[in-house]
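Listing of start_2.pdb, PDB, C-alpha atoms
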MODEL        1
ATOM      1  CA  MET A   9       0.000   0.000   0.000
ATOM      2  CA  ALA A  10       2.660   2.548   0.979
ATOM      3  CA  ARG A  11       4.694   1.633  -2.133
ATOM      4  CA  ASP A  12       1.643   2.162  -4.356
ATOM      5  CA  ALA A  13       0.792   5.437  -2.624
ATOM      6  CA  THR A  14       4.324   6.691  -3.280
ATOM      7  CA  ALA A  15       4.207   5.608  -6.924
ATOM      8  CA  ARG A  16       0.991   7.592  -7.448
ATOM      9  CA  LEU A  17       2.625  10.893  -6.523
ATOM     10  CA  TYR A  18       2.729  13.099  -9.612
ATOM     11  CA  ASP A  19       6.442  13.916  -9.278
ATOM     12  CA  VAL A  20       7.593  10.341  -8.553
ATOM     13  CA  ASP A  21       8.949   8.226 -11.405
ATOM     14  CA  ALA A  22       6.696   5.169 -10.948
ATOM     15  CA  SER A  23       9.216   2.964 -12.777
ATOM     16  CA  GLN A  24      11.805   3.825 -10.087
ATOM     17  CA  VAL A  25       9.735   2.826  -7.043
ATOM     18  CA  GLY A  26      11.136  -0.258  -5.381
ATOM     19  CA  LEU A  27       9.992  -2.372  -2.470
ATOM     20  CA  ASP A  28      12.418  -4.580  -0.580
ATOM     21  CA  LYS A  29      10.309  -6.660   1.797
ATOM     22  CA  GLN A  30      13.371  -8.258   3.435
ATOM     23  CA  ALA A  31      14.862  -4.892   4.367
ATOM     24  CA  GLY A  32      11.452  -3.262   4.808
ATOM     25  CA  THR A  33      12.338  -0.353   2.532
ATOM     26  CA  ILE A  34      10.681   1.620  -0.214
ATOM     27  CA  SER A  35      12.962   3.583  -2.515
ATOM     28  CA  PHE A  36      11.941   6.046  -5.194
ATOM     29  CA  ARG A  37      13.185   8.885  -7.378
ATOM     30  CA  ALA A  38      11.643  12.069  -8.638
ATOM     31  CA  LYS A  39      10.896  12.344 -12.325
ATOM     32  CA  LYS A  40      13.649  14.118 -14.228
ATOM     33  CA  GLY A  41      13.357  17.838 -13.574
ATOM     34  CA  ARG A  42      10.759  17.364 -10.799
ATOM     35  CA  VAL A  43      10.856  17.525  -6.986
ATOM     36  CA  VAL A  44       9.071  15.276  -4.504
ATOM     37  CA  ASP A  45       7.308  17.551  -2.044
ATOM     38  CA  LEU A  46       7.377  16.155   1.526
ATOM     39  CA  ASP A  47       3.925  17.584   2.273
ATOM     40  CA  GLN A  48       2.524  15.607  -0.675
ATOM     41  CA  LEU A  49       4.420  12.500   0.453
ATOM     42  CA  HIS A  50       2.910  12.891   3.932
ATOM     43  CA  GLU A  51      -0.562  13.287   2.430
ATOM     44  CA  SER A  52      -0.010  10.162   0.346
ATOM     45  CA  ILE A  53       0.972   8.172   3.455
ATOM     46  CA  TRP A  54      -2.135   9.497   5.230
ATOM     47  CA  ALA A  55      -4.295   8.467   2.265
ATOM     48  CA  THR A  56      -3.268   4.810   2.668
ATOM     49  CA  ARG A  57      -5.362   4.759   5.860
ATOM     50  CA  LEU A  58      -3.073   2.162   7.404
ATOM     51  CA  GLY A  59      -4.351   1.406  10.889
ATOM     52  CA  ASP A  60      -2.481   0.775  14.128
ATOM     53  CA  SER A  61      -3.219  -2.930  13.828
ATOM     54  CA  THR A  62      -0.858  -3.224  10.827
ATOM     55  CA  GLY A  63       2.149  -2.414  13.002
ATOM     56  CA  MET A  64       3.678  -0.443  10.126
ATOM     57  CA  THR A  65       6.324   2.033  11.179
ATOM     58  CA  LEU A  66       8.354   4.606   9.305
ATOM     59  CA  LYS A  67      11.872   4.146  10.643
ATOM     60  CA  TRP A  68      13.425   6.999   8.683
ATOM     61  CA  LEU A  69      13.209   9.038   5.519
ATOM     62  CA  ASP A  70      16.483   9.454   3.656
ATOM     63  CA  VAL A  71      16.607  12.128   0.967
ATOM     64  CA  THR A  72      19.004  13.664  -1.499
ATOM     65  CA  ALA A  73      18.236  17.301  -2.208
ATOM     66  CA  GLU A  74      19.870  19.475  -4.848
ATOM     67  CA  GLY A  75      20.120  23.207  -4.503
ATOM     68  CA  GLU A  76      22.103  26.021  -2.977
ATOM     69  CA  VAL A  77      23.544  25.895   0.537
ATOM     70  CA  ARG A  78      23.859  29.137   2.471
ATOM     71  CA  VAL A  79      25.423  29.786   5.850
ATOM     72  CA  SER A  80      24.307  32.407   8.345
ATOM     73  CA  GLU A  81      25.665  33.042  11.831
ATOM     74  CA  LYS A  82      23.287  30.525  13.403
ATOM     75  CA  GLU A  83      22.381  27.999  10.720
ATOM     76  CA  VAL A  84      23.125  26.256   7.474
ATOM     77  CA  ARG A  85      20.230  26.023   4.986
ATOM     78  CA  LEU A  86      19.683  24.347   1.669
ATOM     79  CA  LYS A  87      17.252  25.942  -0.773
ATOM     80  CA  VAL A  88      15.976  23.277  -3.165
ATOM     81  CA  ARG A  89      16.584  24.193  -6.779
ATOM     82  CA  GLY A  90      13.487  25.405  -8.619
ATOM     83  CA  THR A  91      11.261  25.576  -5.517
ATOM     84  CA  GLU A  92      10.668  27.616  -2.387
ATOM     85  CA  GLN A  93      11.471  24.584  -0.195
ATOM     86  CA  THR A  94      14.286  25.042   2.285
ATOM     87  CA  PHE A  95      15.850  22.680   4.802
ATOM     88  CA  LEU A  96      17.987  23.373   7.825
ATOM     89  CA  LEU A  97      21.095  21.204   7.767
ATOM     90  CA  GLY A  98      22.607  19.593  10.823
ATOM     91  CA  GLU A  99      24.835  16.912  12.247
ATOM     92  CA  ASP A 100      23.459  13.376  12.540
ATOM     93  CA  PRO A 101      24.187  12.184  16.094
ATOM     94  CA  SER A 102      23.052   8.647  15.228
ATOM     95  CA  ALA A 103      25.177   8.280  12.076
ATOM     96  CA  ALA A 104      26.348   4.720  11.502
ATOM     97  CA  THR A 105      29.837   5.309  10.071
ATOM     98  CA  PRO A 106      32.688   7.691  10.885
ATOM     99  CA  LYS A 107      32.319   9.257   7.403
ATOM    100  CA  GLU A 108      28.632   9.998   8.088
ATOM    101  CA  LYS A 109      29.402  11.333  11.590
ATOM    102  CA  GLU A 110      31.880  13.838  10.129
ATOM    103  CA  ALA A 111      29.772  14.804   7.076
ATOM    104  CA  PHE A 112      28.261  18.004   8.489
ATOM    105  CA  ARG A 113      31.652  19.233   9.739
ATOM    106  CA  ARG A 114      33.199  18.485   6.324
ATOM    107  CA  LEU A 115      30.313  20.320   4.608
ATOM    108  CA  ARG A 116      30.922  23.431   6.727
ATOM    109  CA  GLU A 117      34.650  23.268   5.995
ATOM    110  CA  ALA A 118      33.958  22.999   2.246
ATOM    111  CA  LEU A 119      31.722  26.073   2.439
ATOM    112  CA  GLU A 120      34.407  27.985   4.392
ATOM    113  CA  ARG A 121      36.890  27.190   1.582
ATOM    114  CA  GLY A 122      34.433  28.758  -0.875
ATOM    115  CA  GLU A 123      33.272  25.508  -2.465
ATOM    116  CA  LYS A 124      29.708  25.380  -3.786
ATOM    117  CA  VAL A 125      27.656  22.522  -2.360
ATOM    118  CA  ALA A 126      25.349  21.128  -5.067
ATOM    119  CA  SER A 127      23.499  18.393  -3.176
ATOM    120  CA  VAL A 128      23.045  17.042   0.318
ATOM    121  CA  ALA A 129      22.048  13.519   1.339
ATOM    122  CA  GLY A 130      20.745  12.647   4.762
ATOM    123  CA  ARG A 131      17.913  11.687   7.046
ATOM    124  CA  VAL A 132      14.910  13.991   7.535
ATOM    125  CA  GLU A 133      14.588  14.650  11.248
ATOM    126  CA  ASN A 134      11.310  13.618  12.955
ATOM    127  CA  TRP A 135      10.000  11.559  10.034
ATOM    128  CA  GLN A 136       9.638   8.359  12.030
ATOM    129  CA  GLY A 137       7.145   6.397  14.043
ATOM    130  CA  ASN A 138       3.907   4.501  13.712
ATOM    131  CA  LEU A 139       2.346   5.355  10.345
ATOM    132  CA  THR A 140      -1.046   6.068  11.864
ATOM    133  CA  GLN A 141       0.394   8.539  14.362
ATOM    134  CA  LEU A 142       2.770  10.081  11.807
ATOM    135  CA  SER A 143       0.011  10.557   9.260
ATOM    136  CA  LYS A 144      -2.197  12.473  11.723
ATOM    137  CA  THR A 145       0.148  15.441  11.997
ATOM    138  CA  LEU A 146       2.564  16.854   9.476
ATOM    139  CA  PRO A 147       6.065  17.035  11.017
ATOM    140  CA  ALA A 148       6.991  20.600  11.962
ATOM    141  CA  LYS A 149       8.778  23.051   9.697
ATOM    142  CA  PRO A 150      11.431  24.105   9.080
ATOM    143  CA  ARG A 151      12.518  20.602   8.262
ATOM    144  CA  ARG A 152      16.040  19.504   9.093
ATOM    145  CA  ILE A 153      18.229  17.152   7.079
ATOM    146  CA  LEU A 154      20.788  15.360   9.231
ATOM    147  CA  VAL A 155      23.691  15.326   6.776
ATOM    148  CA  LYS A 156      25.268  11.994   5.842
ATOM    149  CA  ASP A 157      26.981  13.078   2.608
ATOM    150  CA  PHE A 158      27.172  15.938   0.147
ATOM    151  CA  GLN A 159      28.462  16.747  -3.310
ATOM    152  CA  THR A 160      30.195  19.909  -4.435
ATOM    153  CA  SER A 161      29.770  21.325  -7.907
ATOM    154  CA  LYS A 162      32.660  21.098 -10.299
ATOM    155  CA  PRO A 163      33.907  24.484 -11.556
TER     156      PRO A 163
ENDMDL
END

The structure given in the file should be rewritten as structure tokens.
Amino acid sequence: MARDATARLYDVDASQVGLDKQAGTISFRAKKGRVVDLDQLHESIWATRLGDSTGMTLKWLDVTAEGEVRVSEKEVRLKVRGTEQTFLLGEDPSAATPKEKEAFRRLREALERGEKVASVAGRVENWQGNLTQLSKTLPAKPRRILVKDFQTSKP
């Protein structure tokens, strides 16, 4: 059900939606030139009407977002290319590998050197829990991506 709901999103490439029952994961990609809006994804999850009795849980939502990263005194933000969507960026305290644990620090250092960050990959904070409970309330904004990796643009 959740896989089908994701595939129905207008901006999702239905041919790129995969379900791995062993791992319990759904993976998908946006159509070329499109962006998957998290509000629409949330609405799609809500529309599945999965009840508490299913025991279905969203463990995490990993994303890769392309855009422009800007630093202010207090925060680092990514503005998604071609949209008004922005994400706060932060360190992932539960990162699994040393490379992931150091990713946010390395991103800040790259920005300090004047490099342009083109994309950020990471886990969306607070997108977890029982699907019924998660679907009742949209997670708060501004959304935060806990950085696991990033790519700089080539000059």

May I have the centre and edge lengths, in Å to one decimal, of an axis-aligned box around the listed atoms of stretch 30-41 of chain A with 6 Å added to every side, as JSON?
{"center_x": 12.8, "center_y": 4.8, "center_z": -4.7, "size_x": 16.2, "size_y": 38.1, "size_z": 31.0}

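The residues returned by the PyMOL selection byres ((chain A and resi 115) around 9) on the shown structure are Glu110, Ala111, Phe112, Arg113, Arg114, Arg116, Glu117, Ala118, Leu119, Glu120, Val125, Val155, Asp157, Phe158 and Gln159 of chain A.
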
Go ahead and save the picked residues with C-alpha atoms, as a tab-separated table (two decimals), in the coordinates of the input.
chain	number	residue	atom	x	y	z
A	110	GLU	CA	31.88	13.84	10.13
A	111	ALA	CA	29.77	14.80	7.08
A	112	PHE	CA	28.26	18.00	8.49
A	113	ARG	CA	31.65	19.23	9.74
A	114	ARG	CA	33.20	18.48	6.32
A	116	ARG	CA	30.92	23.43	6.73
A	117	GLU	CA	34.65	23.27	6.00
A	118	ALA	CA	33.96	23.00	2.25
A	119	LEU	CA	31.72	26.07	2.44
A	120	GLU	CA	34.41	27.98	4.39
A	125	VAL	CA	27.66	22.52	-2.36
A	155	VAL	CA	23.69	15.33	6.78
A	157	ASP	CA	26.98	13.08	2.61
A	158	PHE	CA	27.17	15.94	0.15
A	159	GLN	CA	28.46	16.75	-3.31

Exercise for review: Anything within 9 Å of (1.9, 10.7, 9.6): list those residues as a PyMOL selection string, counting all atoms listed in the file and sticking to the file's coordinates.
Suggested key: chain A and resi 50-51+53-54+66+135-147

Practice item. Would you mind listing what lies within 6 Å of A:Glu74 as an MDAnalysis selection string, with all atoms listed in the file counted and same-chain residues fewer than 6 positions away left out? Key: chainID A and resid 88 126:127

Check your understanding: Hey, can you check how far atom CA of A:Arg37 sits from atom CA of A:Asp70?
Key ->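 Going from atom CA of A:Arg37 over to atom CA of A:Asp70 covers 11.5 Å.
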
**Study point:** Separation of atom CA of A:Arg121 from atom CA of A:Ser80 in Å
**Key:**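 Atom-to-atom, atom CA of A:Ser80 and atom CA of A:Arg121 are spaced 15.2 Å apart.
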
**Study point:** Residue contacts of A:Lys149 (12 Å, all atoms listed in the file) excluding same-chain residues fewer than 6 positions away, as a VMD selection string
**Key:** chain A and resid 46 to 47 93 to 96 132 to 135

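With distances taken over all atoms listed in the file, A:Lys156 is the one residue among A:Lys39, A:Lys87, A:Lys162, A:Lys156 lying closest to A:Lys109.
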
Check your understanding: Out of A:Ser102, A:Thr72, A:Thr65, A:Ser52, which residue has the shortest atom-to-atom distance to A:Ala38 when counting all atoms listed in the file?
Key -> A:Thr72

Practice item. Figure out the distance between atom CA of A:Lys107 and atom CA of A:Val71, please, to one decimal in Å. Key: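 Rounded to one decimal, the two atoms are 17.2 Å apart.
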
Point to revise | Residue among A:Met64, A:Gly90, A:Gly26, A:Gly98 lying closest to A:Gly41, counting only C-alpha atoms | key: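 Of A:Met64, A:Gly90, A:Gly26, A:Gly98, the one nearest A:Gly41, counting only C-alpha atoms, is A:Gly90.
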
Exercise for review: Point out the residue among A:Val79, A:Ser161, A:Val44, A:Leu86 with the least atom-to-atom distance to A:Ala129, counting only C-alpha atoms.
Suggested key: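 Result for the nearest residue to A:Ala129: A:Leu86.
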
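Using all atoms listed in the file, the protein and nucleic acid residues lying at most 12 Å from the point (10.6, 12.2, -17.3) are Tyr18, Asp19, Val20, Asp21, Ala22, Ser23, Gln24, Arg37, Ala38, Lys39, Lys40, Gly41, Arg42 and Val43 of chain A.
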
Practice item. Rank A:Glu99, A:Arg85, A:Thr91, A:Val128 by their smallest atom-to-atom distance to A:Arg151, using only C-alpha atoms, and report the top residue only. Key: A:Arg85

Study note, to complete from the structure: With distances taken over all atoms listed in the file, the candidate from A:Leu27, A:Leu97, A:Ile34, A:Leu69 nearest A:Leu154 is A:Leu97
